[in-house]
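Asks: structure.txt is reproduced below (compact mmCIF, C-alpha atoms).
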```txt
# COMPACT_ATOMS: atom_id res chain seq x y z
CA MET A 712 -25.79 6.86 20.42
CA THR A 713 -28.30 7.32 23.21
CA ASN A 714 -30.89 4.69 23.85
CA ILE A 715 -33.67 4.85 21.35
CA GLN A 716 -36.87 2.89 21.13
CA TYR A 717 -38.84 1.89 18.06
CA LEU A 718 -42.53 1.16 18.41
CA ALA A 719 -44.98 0.17 15.69
CA PRO A 720 -48.31 -0.01 17.49
CA ALA A 721 -51.31 -1.56 15.74
CA THR A 722 -53.85 0.79 17.31
CA LEU A 723 -54.17 4.54 17.51
CA ASP A 724 -54.87 4.46 21.26
CA GLU A 725 -51.60 2.66 21.85
CA ALA A 726 -49.72 5.11 19.62
CA VAL A 727 -51.20 8.16 21.36
CA ARG A 728 -50.46 6.70 24.78
CA ALA A 729 -46.80 6.01 23.93
CA PHE A 730 -46.36 9.32 22.10
CA ALA A 731 -47.86 11.35 24.95
CA ALA A 732 -45.97 9.43 27.64
CA ALA A 733 -42.64 10.19 25.95
CA GLU A 734 -43.29 13.91 26.59
CA GLY A 735 -41.69 15.41 23.53
CA ALA A 736 -38.84 12.90 23.27
CA ALA A 737 -40.77 10.91 20.66
CA ARG A 738 -41.24 11.51 16.97
CA ILE A 739 -43.93 10.12 14.74
CA LEU A 740 -42.65 8.09 11.79
CA ALA A 741 -44.89 8.11 8.73
CA GLY A 742 -42.89 7.98 5.47
CA GLY A 743 -39.69 9.05 7.21
CA THR A 744 -38.53 11.23 4.32
CA ASP A 745 -38.02 14.19 6.66
CA LEU A 746 -37.48 12.42 9.98
CA LEU A 747 -34.68 10.12 8.82
CA VAL A 748 -32.86 13.00 7.14
CA GLN A 749 -33.15 15.00 10.36
CA MET A 750 -31.85 12.07 12.39
CA GLN A 751 -29.01 11.52 9.94
CA SER A 752 -27.89 15.14 10.29
CA GLY A 753 -28.26 15.12 14.08
CA PHE A 754 -30.99 17.78 13.91
CA ALA A 755 -33.48 15.33 15.45
CA LYS A 756 -32.45 13.02 18.26
CA PRO A 757 -35.65 11.27 19.26
CA GLY A 758 -35.65 8.95 22.26
CA MET A 759 -38.57 7.09 20.74
CA ILE A 760 -39.85 6.55 17.22
CA VAL A 761 -43.54 5.77 16.90
CA ASP A 762 -44.17 4.20 13.49
CA VAL A 763 -47.85 4.77 12.68
CA LYS A 764 -48.02 2.70 9.50
CA LYS A 765 -49.42 -0.40 11.20
CA ILE A 766 -52.51 1.56 12.29
CA PRO A 767 -55.20 0.77 9.69
CA GLU A 768 -56.94 4.16 9.94
CA LEU A 769 -53.75 6.02 9.03
CA MET A 770 -53.25 3.86 5.93
CA ALA A 771 -56.82 3.79 4.60
CA ILE A 772 -58.35 5.61 1.62
CA GLU A 773 -62.13 5.86 1.75
CA GLU A 774 -64.35 7.52 -0.85
CA THR A 775 -67.34 9.21 0.74
CA ALA A 776 -70.53 10.63 -0.74
CA GLY A 777 -70.28 13.04 -3.68
CA GLY A 778 -66.57 12.70 -4.36
CA GLY A 779 -65.43 13.29 -0.81
CA PHE A 780 -62.55 11.26 0.59
CA ILE A 781 -60.98 10.33 3.88
CA VAL A 782 -57.26 9.75 3.33
CA GLY A 783 -55.13 8.28 6.12
CA ALA A 784 -52.40 10.64 7.26
CA ALA A 785 -49.62 8.15 6.46
CA VAL A 786 -50.84 7.05 3.00
CA SER A 787 -47.97 7.54 0.56
CA GLY A 788 -48.19 9.57 -2.63
CA ALA A 789 -47.48 6.42 -4.67
CA THR A 790 -50.39 4.59 -3.01
CA LEU A 791 -52.74 7.53 -3.54
CA GLU A 792 -51.62 7.76 -7.19
CA ARG A 793 -52.69 4.14 -7.72
CA HIS A 794 -56.16 4.76 -6.26
CA PRO A 795 -58.70 4.40 -9.07
CA THR A 796 -60.69 7.60 -8.41
CA PHE A 797 -58.89 9.96 -6.03
CA GLY A 798 -56.71 11.55 -8.71
CA LYS A 799 -59.63 11.95 -11.09
CA ILE A 800 -61.64 13.91 -8.53
CA TRP A 801 -58.85 15.75 -6.71
CA PRO A 802 -56.01 16.00 -9.27
CA GLY A 803 -54.62 19.19 -7.71
CA ALA A 804 -54.21 17.70 -4.25
CA LEU A 805 -52.61 14.58 -5.74
CA GLU A 806 -50.18 16.49 -7.93
CA ALA A 807 -49.21 18.67 -4.96
CA LEU A 808 -48.32 15.56 -2.94
CA ASN A 809 -46.50 13.97 -5.85
CA LEU A 810 -44.35 16.99 -6.62
CA ILE A 811 -42.47 16.25 -3.41
CA GLY A 812 -39.00 14.87 -3.99
CA SER A 813 -38.24 11.95 -6.27
CA THR A 814 -40.21 8.85 -7.24
CA GLN A 815 -38.45 7.16 -4.33
CA VAL A 816 -39.59 9.87 -1.90
CA GLN A 817 -43.12 9.74 -3.30
CA GLY A 818 -43.12 6.04 -2.47
CA ARG A 819 -43.12 7.03 1.19
CA ALA A 820 -44.05 10.71 1.67
CA SER A 821 -47.55 11.41 3.02
CA PHE A 822 -49.96 14.32 3.54
CA GLY A 823 -49.65 13.85 7.31
CA GLY A 824 -45.88 13.94 7.33
CA ASN A 825 -45.71 16.90 4.97
CA LEU A 826 -48.14 18.90 7.12
CA CYS A 827 -46.65 17.98 10.51
CA ASN A 828 -43.06 18.58 9.41
CA GLY A 829 -44.07 22.23 9.34
CA SER A 830 -42.10 23.42 6.32
CA PRO A 831 -43.46 26.71 4.93
CA ALA A 832 -42.65 25.32 1.46
CA ALA A 833 -44.50 22.01 1.93
CA ASP A 834 -46.04 21.33 -1.48
CA SER A 835 -49.07 19.35 -0.43
CA VAL A 836 -50.27 21.86 2.16
CA PRO A 837 -51.54 24.57 -0.25
CA GLY A 838 -53.14 21.74 -2.25
CA LEU A 839 -54.97 20.50 0.85
CA VAL A 840 -56.03 24.03 1.85
CA ALA A 841 -57.35 24.75 -1.65
CA ALA A 842 -59.26 21.46 -1.57
CA GLY A 843 -60.91 22.57 1.68
CA ALA A 844 -59.53 19.56 3.53
CA THR A 845 -59.68 19.17 7.28
CA VAL A 846 -57.41 17.02 9.39
CA THR A 847 -58.60 14.73 12.16
CA ILE A 848 -56.25 14.69 15.11
CA GLN A 849 -56.20 12.34 18.06
CA GLY A 850 -54.46 13.00 21.34
CA PRO A 851 -54.63 12.21 25.03
CA ASN A 852 -57.78 14.35 25.31
CA GLY A 853 -59.59 12.69 22.43
CA ARG A 854 -60.32 13.62 18.85
CA ARG A 855 -60.66 16.98 17.15
CA GLU A 856 -60.79 18.31 13.66
CA LEU A 857 -58.91 21.31 12.31
CA ALA A 858 -58.93 23.06 8.96
CA VAL A 859 -55.58 22.26 7.36
CA GLU A 860 -54.70 25.97 7.20
CA ASP A 861 -54.99 26.16 11.00
CA VAL A 862 -52.30 23.53 11.60
CA PRO A 863 -49.01 25.23 10.62
CA ALA A 864 -47.74 27.66 13.27
CA GLY A 865 -44.41 28.66 11.73
CA PRO A 866 -41.33 27.01 10.28
CA GLY A 867 -41.09 23.56 11.90
CA LYS A 868 -44.02 24.29 14.22
CA THR A 869 -47.64 23.17 14.27
CA ASN A 870 -50.67 23.83 16.43
CA LEU A 871 -50.89 20.17 17.41
CA ALA A 872 -50.84 19.81 21.19
CA PRO A 873 -48.31 17.49 22.87
CA GLY A 874 -49.21 13.88 22.25
CA GLU A 875 -51.51 14.63 19.32
CA ILE A 876 -51.23 12.62 16.09
CA ALA A 877 -52.66 13.49 12.67
CA VAL A 878 -54.99 10.62 11.77
CA SER A 879 -56.65 11.42 8.45
CA PHE A 880 -57.59 14.12 5.99
CA THR A 881 -61.22 14.69 5.06
CA PHE A 882 -61.88 16.04 1.57
CA PRO A 883 -65.36 17.52 1.28
CA ALA A 884 -67.91 16.46 -1.31
CA HIS A 885 -66.80 17.68 -4.73
CA PRO A 886 -69.50 19.93 -6.25
CA ALA A 887 -70.34 19.58 -9.94
CA HIS A 888 -68.29 21.78 -12.29
CA SER A 889 -65.46 22.11 -9.80
CA GLY A 890 -61.74 21.59 -10.22
CA ASP A 891 -58.55 21.92 -8.23
CA ALA A 892 -54.96 22.51 -9.32
CA TYR A 893 -51.54 23.09 -7.80
CA LEU A 894 -48.48 24.65 -9.39
CA ARG A 895 -45.14 25.43 -7.91
CA MET A 896 -42.16 27.36 -9.13
CA ILE A 897 -38.72 25.81 -8.65
CA PRO A 898 -35.41 26.85 -10.23
CA ARG A 899 -35.07 23.48 -11.97
CA THR A 900 -37.57 21.04 -13.43
CA GLU A 901 -37.65 18.43 -10.65
CA MET A 902 -36.33 17.55 -7.20
CA ASP A 903 -36.34 20.96 -5.58
CA ILE A 904 -38.16 22.96 -2.93
CA ALA A 905 -40.88 25.43 -3.90
CA VAL A 906 -40.00 29.09 -4.37
CA VAL A 907 -43.75 29.65 -4.54
CA GLY A 908 -46.57 27.11 -4.47
CA CYS A 909 -50.15 27.92 -5.41
CA GLY A 910 -53.26 25.80 -4.87
CA VAL A 911 -56.63 26.77 -6.35
CA PHE A 912 -60.10 25.23 -6.17
CA LEU A 913 -62.92 26.63 -8.30
CA THR A 914 -66.60 25.91 -8.82
CA MET A 915 -68.10 27.27 -12.02
CA ASP A 916 -71.68 27.91 -13.11
CA GLY A 917 -71.30 28.28 -16.84
CA GLU A 918 -68.79 31.08 -17.24
CA THR A 919 -69.24 32.43 -13.73
CA CYS A 920 -67.09 31.39 -10.82
CA THR A 921 -69.33 30.63 -7.84
CA ALA A 922 -66.80 29.39 -5.31
CA ALA A 923 -63.04 29.67 -4.96
CA ARG A 924 -60.28 28.80 -2.53
CA VAL A 925 -56.73 30.06 -3.03
CA ALA A 926 -53.70 29.05 -0.97
CA LEU A 927 -50.05 30.03 -1.30
CA GLY A 928 -47.01 28.17 -0.01
CA ALA A 929 -43.37 29.22 0.50
CA VAL A 930 -44.16 32.95 0.63
CA ALA A 931 -44.73 33.31 4.38
CA PRO A 932 -43.86 31.46 7.61
CA THR A 933 -47.00 29.34 7.10
CA VAL A 934 -49.32 28.47 4.23
CA ARG A 935 -51.47 31.48 3.34
CA ARG A 936 -55.10 31.29 2.38
CA VAL A 937 -55.88 34.42 0.33
CA PRO A 938 -59.50 35.51 0.93
CA ASP A 939 -59.08 38.69 -1.15
CA ALA A 940 -58.04 36.63 -4.17
CA GLU A 941 -61.00 34.30 -3.62
CA ALA A 942 -63.36 37.31 -3.42
CA ALA A 943 -61.96 38.68 -6.68
CA LEU A 944 -62.59 35.38 -8.47
CA ILE A 945 -66.05 34.63 -7.07
CA GLY A 946 -68.78 36.16 -9.22
CA SER A 947 -66.35 36.90 -12.06
CA HIS A 948 -65.96 35.26 -15.46
CA LEU A 949 -62.28 34.74 -14.63
CA ASP A 950 -61.61 37.65 -16.98
CA ASP A 951 -58.30 39.49 -17.10
CA ALA A 952 -59.41 42.20 -14.66
CA ALA A 953 -60.57 39.66 -12.06
CA LEU A 954 -57.39 37.64 -12.49
CA GLU A 955 -55.22 40.71 -12.07
CA THR A 956 -57.11 41.71 -8.90
CA ALA A 957 -56.65 38.17 -7.55
CA ALA A 958 -52.97 38.17 -8.52
CA ALA A 959 -52.49 41.50 -6.74
CA ALA A 960 -54.14 40.02 -3.64
CA CYS A 961 -51.71 37.10 -3.80
CA ARG A 962 -48.74 39.45 -4.09
CA ALA A 963 -50.07 41.43 -1.13
CA ALA A 964 -50.39 38.23 0.94
CA CYS A 965 -46.70 37.45 0.53
CA ASN A 966 -44.30 37.87 3.40
CA PRO A 967 -41.43 35.75 2.12
CA ILE A 968 -37.78 35.24 2.90
CA ASP A 969 -34.80 36.05 0.71
CA ASP A 970 -32.73 32.96 0.06
CA LYS A 971 -30.73 31.15 -2.59
CA ARG A 972 -33.90 29.95 -4.30
CA GLY A 973 -35.53 33.34 -4.66
CA THR A 974 -35.53 36.91 -3.47
CA ILE A 975 -38.47 38.56 -1.75
CA ALA A 976 -39.26 40.54 -4.91
CA TYR A 977 -39.06 37.46 -7.11
CA ARG A 978 -41.23 35.29 -4.86
CA THR A 979 -43.81 38.05 -4.60
CA SER A 980 -43.94 38.56 -8.34
CA VAL A 981 -44.13 34.82 -9.06
CA ALA A 982 -47.04 34.43 -6.62
CA GLY A 983 -49.20 36.55 -8.92
CA VAL A 984 -48.07 34.71 -12.03
CA LEU A 985 -48.74 31.29 -10.51
CA LEU A 986 -52.20 32.37 -9.36
CA LYS A 987 -53.21 33.09 -12.95
CA ARG A 988 -51.74 29.87 -14.32
CA THR A 989 -53.22 27.73 -11.57
CA VAL A 990 -56.67 29.29 -11.97
CA ALA A 991 -56.53 28.47 -15.69
CA ILE A 992 -55.88 24.78 -14.98
CA ALA A 993 -58.52 24.59 -12.24
CA ALA A 994 -61.06 26.28 -14.54
CA GLU A 995 -60.36 23.83 -17.33
CA ARG A 996 -60.84 20.92 -14.95
CA ALA A 997 -64.03 22.48 -13.58
CA ALA A 998 -65.38 22.74 -17.12
CA GLN A 999 -64.79 19.03 -17.64
CA ALA A 1000 -66.04 17.87 -14.24
CA MET B 1167 -29.40 -0.73 22.96
CA THR B 1168 -32.08 -3.39 22.69
CA LYS B 1169 -32.03 -5.03 19.31
CA ILE B 1170 -35.18 -5.51 17.28
CA HIS B 1171 -36.00 -8.86 15.74
CA VAL B 1172 -37.15 -8.44 12.14
CA THR B 1173 -38.84 -11.08 10.00
CA THR B 1174 -39.05 -10.05 6.38
CA THR B 1175 -38.79 -11.29 2.79
CA ILE B 1176 -35.83 -10.23 0.68
CA ASN B 1177 -35.75 -11.07 -3.02
CA GLY B 1178 -38.41 -13.70 -2.44
CA GLU B 1179 -36.56 -15.47 0.37
CA PRO B 1180 -37.61 -15.34 4.02
CA GLU B 1181 -35.04 -13.50 6.11
CA GLU B 1182 -34.62 -12.79 9.81
CA PHE B 1183 -32.18 -10.44 11.45
CA LEU B 1184 -31.58 -8.31 14.52
CA CYS B 1185 -31.08 -4.57 14.14
CA ASP B 1186 -30.83 -1.39 16.17
CA PRO B 1187 -34.03 0.66 16.49
CA ASN B 1188 -32.59 3.54 14.47
CA GLU B 1189 -30.70 1.45 11.92
CA THR B 1190 -31.55 2.17 8.31
CA MET B 1191 -32.63 -0.53 5.88
CA LEU B 1192 -29.55 0.34 3.84
CA ASP B 1193 -27.20 -0.37 6.75
CA ALA B 1194 -28.98 -3.63 7.54
CA LEU B 1195 -28.77 -4.78 3.91
CA ARG B 1196 -25.12 -3.89 3.57
CA ASN B 1197 -23.71 -4.64 7.01
CA ARG B 1198 -25.90 -7.45 8.33
CA LEU B 1199 -27.17 -9.28 5.28
CA GLY B 1200 -24.17 -8.95 2.98
CA LEU B 1201 -26.27 -7.36 0.23
CA THR B 1202 -23.94 -4.58 -0.85
CA GLY B 1203 -25.58 -3.83 -4.21
CA ALA B 1204 -27.52 -0.90 -2.79
CA LYS B 1205 -24.99 1.91 -2.33
CA GLU B 1206 -24.82 4.75 0.12
CA GLY B 1207 -24.37 7.96 -1.85
CA CYS B 1208 -25.89 10.80 0.13
CA ALA B 1209 -27.79 9.03 2.93
CA THR B 1210 -30.45 11.74 2.69
CA GLY B 1211 -32.69 10.49 -0.10
CA ASP B 1212 -31.31 12.73 -2.82
CA CYS B 1213 -29.19 10.42 -4.99
CA GLY B 1214 -31.14 7.17 -5.36
CA ALA B 1215 -28.04 4.94 -5.19
CA CYS B 1216 -29.72 2.92 -2.43
CA SER B 1217 -32.98 2.35 -4.37
CA ILE B 1218 -34.88 -0.81 -3.44
CA THR B 1219 -38.53 -1.76 -3.61
CA LEU B 1220 -40.77 -2.17 -0.57
CA ASP B 1221 -43.87 -4.23 -1.43
CA GLY B 1222 -43.23 -3.32 -5.06
CA THR B 1223 -42.92 0.43 -4.47
CA LEU B 1224 -39.65 2.20 -5.24
CA VAL B 1225 -38.06 3.71 -2.11
CA CYS B 1226 -34.68 4.82 -0.80
CA ALA B 1227 -33.23 2.28 1.64
CA CYS B 1228 -31.47 5.14 3.44
CA LEU B 1229 -34.83 6.78 4.29
CA MET B 1230 -36.30 3.67 5.82
CA LEU B 1231 -35.63 1.97 9.12
CA ALA B 1232 -34.67 -1.70 8.96
CA ALA B 1233 -37.35 -2.39 11.58
CA GLU B 1234 -39.98 -1.14 9.15
CA SER B 1235 -39.33 -4.07 6.82
CA ASP B 1236 -40.90 -6.47 9.33
CA GLY B 1237 -43.70 -8.32 7.57
CA HIS B 1238 -42.99 -6.69 4.21
CA GLU B 1239 -41.26 -7.66 0.97
CA ILE B 1240 -38.00 -6.07 -0.10
CA THR B 1241 -36.31 -6.45 -3.44
CA THR B 1242 -32.76 -5.35 -4.13
CA ILE B 1243 -30.49 -5.41 -7.16
CA GLU B 1244 -29.28 -8.85 -6.04
CA GLY B 1245 -32.73 -10.20 -6.91
CA MET B 1246 -32.91 -8.73 -10.40
CA ALA B 1247 -31.13 -11.38 -12.48
CA GLU B 1248 -32.55 -14.89 -12.55
CA GLY B 1249 -29.50 -16.97 -11.78
CA GLU B 1250 -27.06 -16.36 -14.62
CA ASN B 1251 -29.70 -14.67 -16.75
CA LEU B 1252 -29.50 -10.91 -16.53
CA HIS B 1253 -32.66 -8.84 -16.65
CA PRO B 1254 -33.05 -7.15 -20.06
CA LEU B 1255 -32.28 -3.79 -18.43
CA GLN B 1256 -28.99 -5.13 -17.08
CA THR B 1257 -28.05 -6.53 -20.48
CA LYS B 1258 -28.92 -3.28 -22.23
CA PHE B 1259 -26.98 -1.16 -19.72
CA LEU B 1260 -23.90 -3.31 -20.48
CA GLU B 1261 -24.40 -3.31 -24.25
CA SER B 1262 -24.92 0.42 -24.52
CA ALA B 1263 -22.36 1.43 -21.90
CA ALA B 1264 -25.00 3.15 -19.82
CA LEU B 1265 -22.55 3.34 -16.95
CA GLN B 1266 -19.03 4.38 -16.22
CA CYS B 1267 -17.95 4.09 -12.58
CA GLY B 1268 -21.05 2.04 -11.80
CA ILE B 1269 -21.89 3.23 -8.31
CA CYS B 1270 -25.28 4.62 -9.36
CA THR B 1271 -26.09 1.65 -11.60
CA PRO B 1272 -27.88 -0.65 -9.12
CA GLY B 1273 -30.14 2.25 -8.14
CA PHE B 1274 -30.88 3.16 -11.76
CA LEU B 1275 -31.65 -0.48 -12.62
CA ILE B 1276 -34.03 -0.95 -9.68
CA ALA B 1277 -35.73 2.38 -10.42
CA ALA B 1278 -36.01 1.69 -14.15
CA LYS B 1279 -37.43 -1.78 -13.53
CA ALA B 1280 -40.03 -0.30 -11.16
CA LEU B 1281 -41.03 2.10 -13.95
CA LEU B 1282 -41.30 -0.59 -16.63
CA ASP B 1283 -43.25 -2.86 -14.27
CA GLU B 1284 -45.82 -0.08 -13.96
CA ASN B 1285 -45.60 1.44 -17.43
CA PRO B 1286 -44.13 -0.71 -20.21
CA ASP B 1287 -44.34 2.12 -22.74
CA PRO B 1288 -43.06 5.30 -21.10
CA THR B 1289 -42.21 8.45 -23.03
CA GLU B 1290 -38.71 9.85 -22.73
CA THR B 1291 -40.10 12.63 -20.54
CA GLU B 1292 -41.71 10.07 -18.25
CA VAL B 1293 -38.44 8.17 -17.99
CA ARG B 1294 -36.51 11.35 -17.20
CA PHE B 1295 -38.98 12.45 -14.50
CA TRP B 1296 -39.20 8.97 -13.00
CA LEU B 1297 -35.40 8.76 -12.76
CA ALA B 1298 -34.93 12.33 -11.52
CA GLY B 1299 -34.13 10.97 -8.06
CA ASN B 1300 -31.21 8.89 -9.36
CA LEU B 1301 -28.03 10.86 -9.78
CA CYS B 1302 -25.16 9.88 -12.07
CA ARG B 1303 -22.02 11.98 -12.19
CA CYS B 1304 -20.39 10.15 -15.12
CA THR B 1305 -22.67 9.47 -18.04
CA GLY B 1306 -24.59 12.69 -18.53
CA TYR B 1307 -27.76 10.54 -18.38
CA ASP B 1308 -28.39 10.24 -22.13
CA LYS B 1309 -27.05 6.71 -22.41
CA ILE B 1310 -29.06 5.64 -19.38
CA ILE B 1311 -32.29 7.14 -20.69
CA ARG B 1312 -31.71 5.57 -24.12
CA ALA B 1313 -30.95 2.19 -22.56
CA VAL B 1314 -34.22 2.29 -20.61
CA MET B 1315 -36.22 3.34 -23.69
CA ASP B 1316 -34.58 0.64 -25.84
CA THR B 1317 -35.15 -2.04 -23.22
CA ALA B 1318 -38.79 -1.02 -22.91
CA ALA B 1319 -39.20 -1.31 -26.69
CA GLU B 1320 -37.54 -4.73 -26.78
CA MET B 1321 -39.56 -6.02 -23.83
CA ARG B 1322 -42.79 -4.87 -25.50
CA GLU B 1323 -41.79 -6.65 -28.67
CA ALA B 1324 -40.86 -9.82 -26.78
CA ALA B 1325 -44.21 -9.75 -24.98
CA GLN B 1326 -46.16 -9.82 -28.25
```
When written as structure tokens, how does the structure in this file appear?
Replies:
Amino acid sequence: MTNIQYLAPATLDEAVRAFAAAEGAARILAGGTDLLVQMQSGFAKPGMIVDVKKIPELMAIEETAGGGFIVGAAVSGATLERHPTFGKIWPGALEALNLIGSTQVQGRASFGGNLCNGSPAADSVPGLVAAGATVTIQGPNGRRELAVEDVPAGPGKTNLAPGEIAVSFTFPAHPAHSGDAYLRMIPRTEMDIAVVGCGVFLTMDGETCTAARVALGAVAPTVRRVPDAEAALIGSHLDDAALETAAAACRAACNPIDDKRGTIAYRTSVAGVLLKRTVAIAAERAAQA
Amino acid sequence: MTKIHVTTTINGEPEEFLCDPNETMLDALRNRLGLTGAKEGCATGDCGACSITLDGTLVCACLMLAAESDGHEITTIEGMAEGENLHPLQTKFLESAALQCGICTPGFLIAAKALLDENPDPTETEVRFWLAGNLCRCTGYDKIIRAVMDTAAEMREAAQ
């Protein structure tokens, strides 16, 4: 075993300094549910592990005006589940995070880790994109904010610059009569990786949809926001014709792989099915919100 | 490799140990602290045989570094019984033969206790989903699920 260092800095500045100085030899440790598996298999051989869970900002959950939230990048799904209001306002984002792995994994897995691991099938990422979340990033050159959909760059790759650390996720204010939802298709009922994931956020004015965000996971090298599906939903009554147009847009947005979990044709077809089912849940939540 | 000095609490008792920077909590429990109740099944977070709680939250000891336990509270299967008195889940698992080879049992017990601590009246579906990350290759799960449901019912009754 080569020499390896473990650091658990109490401040973000210290973490960024150490992470940047290690020049790519370091890995960030949030929940560790991907990193430790990668180390175990020899896929990752970090010279330094920077544990970010002692940094208060990465572990905080703050409710902002109008149902907005700032969620620390290393907050676990179990912690977020116990929050008194987050899951009531953003049930789709929460269920996306808590579809990952087992109860044990949910005790540790975080939005930040799921996003930065760069898996095209990351469950929470379409949920975050549908919610309209942005991620605050801090690096050697200071702070910046990116839309979540602009972070993934391909399997295992992100657009974070060297030395940059995901700090927190900002959920916008939650308009009245809005709802979010996330569904994924897996070959079994639990403990598997998405064949297709679909996140939807809707705002309704009576029967008319006035705003929509649609995001697909596991059907392309990165999460896909589907503007054509959103356009088909906005202004509609979520009637069959609008849903079919949106489903077709989702199928058209797919550029998936063939693997043991699903063929290209299957993933593409399921993307349309999930869009309709996810819209139905989001619409029901919007009606109650 | 420079060792890390860890100060933690395990099953309510203060504990100090030295570990390697990349050593898992599971290896520290088993190889340094003599707590061999948590088992290594897969070492990749799939089987739940190494289930412990970290500040009351159910986690896999194989997916956690020992160094991360510094300043936190760990509970393991060794802390479940009170002296000679088994926890009701342990008693029920024995009575209803909710185990065969037993290697998954500590993980199931820790996970089931974490569920009942949070939700004393779970549905069967909730029990099955909660325990989906604990694998058993012997029992076919039914006896385990029934044992958890029965224990929950008895504990609710006892609490009244």
Asks: Give me, as a Markdown table, the closest atom pair and its distance (Å, one decimal) for every residue of chain A within a cut-off of 10 Å of chain B, counting only C-alpha atoms, rows sorted by chain and rising number.
Replies:
```
| residue | atom | partner | partner_atom | distance |
| --- | --- | --- | --- | --- |
| A:Met712 | CA | B:Met1167 | CA | 8.8 |
| A:Thr713 | CA | B:Met1167 | CA | 8.1 |
| A:Asn714 | CA | B:Met1167 | CA | 5.7 |
| A:Ile715 | CA | B:Pro1187 | CA | 6.4 |
| A:Gln716 | CA | B:Pro1187 | CA | 5.9 |
| A:Tyr717 | CA | B:Pro1187 | CA | 5.2 |
| A:Leu718 | CA | B:Pro1187 | CA | 8.7 |
| A:Ala719 | CA | B:Glu1234 | CA | 8.3 |
| A:Leu740 | CA | B:Leu1231 | CA | 9.7 |
| A:Gly742 | CA | B:Met1230 | CA | 7.9 |
| A:Gly743 | CA | B:Leu1229 | CA | 6.1 |
| A:Thr744 | CA | B:Leu1229 | CA | 5.8 |
| A:Asp745 | CA | B:Leu1229 | CA | 8.4 |
| A:Leu746 | CA | B:Leu1229 | CA | 8.4 |
| A:Leu747 | CA | B:Leu1229 | CA | 5.6 |
| A:Val748 | CA | B:Thr1210 | CA | 5.2 |
| A:Gln749 | CA | B:Thr1210 | CA | 8.8 |
| A:Met750 | CA | B:Asn1188 | CA | 8.8 |
| A:Gln751 | CA | B:Thr1210 | CA | 7.4 |
| A:Ser752 | CA | B:Thr1210 | CA | 8.7 |
| A:Pro757 | CA | B:Asn1188 | CA | 9.6 |
| A:Gly758 | CA | B:Asn1188 | CA | 10.0 |
| A:Met759 | CA | B:Pro1187 | CA | 8.9 |
| A:Ile760 | CA | B:Pro1187 | CA | 8.3 |
| A:Asp762 | CA | B:Glu1234 | CA | 8.1 |
| A:Lys764 | CA | B:Glu1234 | CA | 8.9 |
| A:Lys765 | CA | B:Glu1234 | CA | 9.7 |
| A:Ala789 | CA | B:Thr1223 | CA | 7.5 |
| A:Thr790 | CA | B:Thr1223 | CA | 8.7 |
| A:Gly812 | CA | B:Gly1299 | CA | 7.4 |
| A:Ser813 | CA | B:Gly1299 | CA | 4.6 |
| A:Thr814 | CA | B:Trp1296 | CA | 5.8 |
| A:Gln815 | CA | B:Val1225 | CA | 4.1 |
| A:Val816 | CA | B:Val1225 | CA | 6.4 |
| A:Gln817 | CA | B:Val1225 | CA | 8.0 |
| A:Gly818 | CA | B:Val1225 | CA | 5.6 |
| A:Arg819 | CA | B:Val1225 | CA | 6.9 |
| A:Ala820 | CA | B:Val1225 | CA | 10.0 |
| A:Thr900 | CA | B:Phe1295 | CA | 8.8 |
| A:Glu901 | CA | B:Ala1298 | CA | 6.7 |
| A:Met902 | CA | B:Ala1298 | CA | 6.9 |
```
Asks: When you count only C-alpha atoms, which of these residues is closest to Val862 of chain A: A:Leu808, A:Ala982, A:Val934, A:Cys965?
Replies: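 The shortest atom-to-atom distance to Val862 of chain A comes from A:Val934.
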Asks: For atom CA of Lys971 of chain A and atom CA of Val859 of chain A, quote the distance in Å rounded to one decimal.
Replies: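 So the two atoms, atom CA of Lys971 of chain A and atom CA of Val859 of chain A, lie 28.2 Å apart.
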Asks: So which residues touch Met770 of chain A within 7 Å, counting only C-alpha atoms, skipping near sequence neighbours fewer than 2 positions away, as number ranges by chain?
Replies: A: 764, 766-768, 772, 783-786
Asks: Would you compute the distance between atom CA of Gly1245 of chain B and atom CA of Glu1323 of chain B? Give it in Å to one decimal.
Replies: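 For atom CA of Gly1245 of chain B relative to atom CA of Glu1323 of chain B, the distance reads 23.8 Å.
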Asks: Step by step: start from the point (-55.7, 12.7, -8.3) in the file's coordinates, keep every protein, DNA or RNA residue that has an atom no farther than 12 Å from it, count only C-alpha atoms, and write the set as a PyMOL selection string.
Replies: chain A and resi 778+780+788-809+838+842+890-893+996
Asks: Can you pull out every residue within 9 Å of Arg895 of chain A, counting all atoms listed in the file, but drop anything in the same chain fewer than 2 positions away, and send it as an mmCIF file with C-alpha atoms, in the frame of the given file?
Replies:
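Saved file selection33.cif follows:
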```cif
data_model
loop_
_atom_site.group_PDB
_atom_site.id
_atom_site.type_symbol
_atom_site.label_atom_id
_atom_site.label_comp_id
_atom_site.auth_asym_id
_atom_site.auth_seq_id
_atom_site.Cartn_x
_atom_site.Cartn_y
_atom_site.Cartn_z
ATOM 1 C CA ALA A 807 -49.210 18.670 -4.960
ATOM 2 C CA LEU A 810 -44.350 16.990 -6.620
ATOM 3 C CA ASP A 834 -46.040 21.330 -1.480
ATOM 4 C CA TYR A 893 -51.540 23.090 -7.800
ATOM 5 C CA ILE A 897 -38.720 25.810 -8.650
ATOM 6 C CA ILE A 904 -38.160 22.960 -2.930
ATOM 7 C CA ALA A 905 -40.880 25.430 -3.900
ATOM 8 C CA VAL A 906 -40.000 29.090 -4.370
ATOM 9 C CA VAL A 907 -43.750 29.650 -4.540
ATOM 10 C CA GLY A 908 -46.570 27.110 -4.470
ATOM 11 C CA CYS A 909 -50.150 27.920 -5.410
ATOM 12 C CA GLY A 910 -53.260 25.800 -4.870
ATOM 13 C CA GLY A 928 -47.010 28.170 -0.010
ATOM 14 C CA LEU A 985 -48.740 31.290 -10.510
#
```
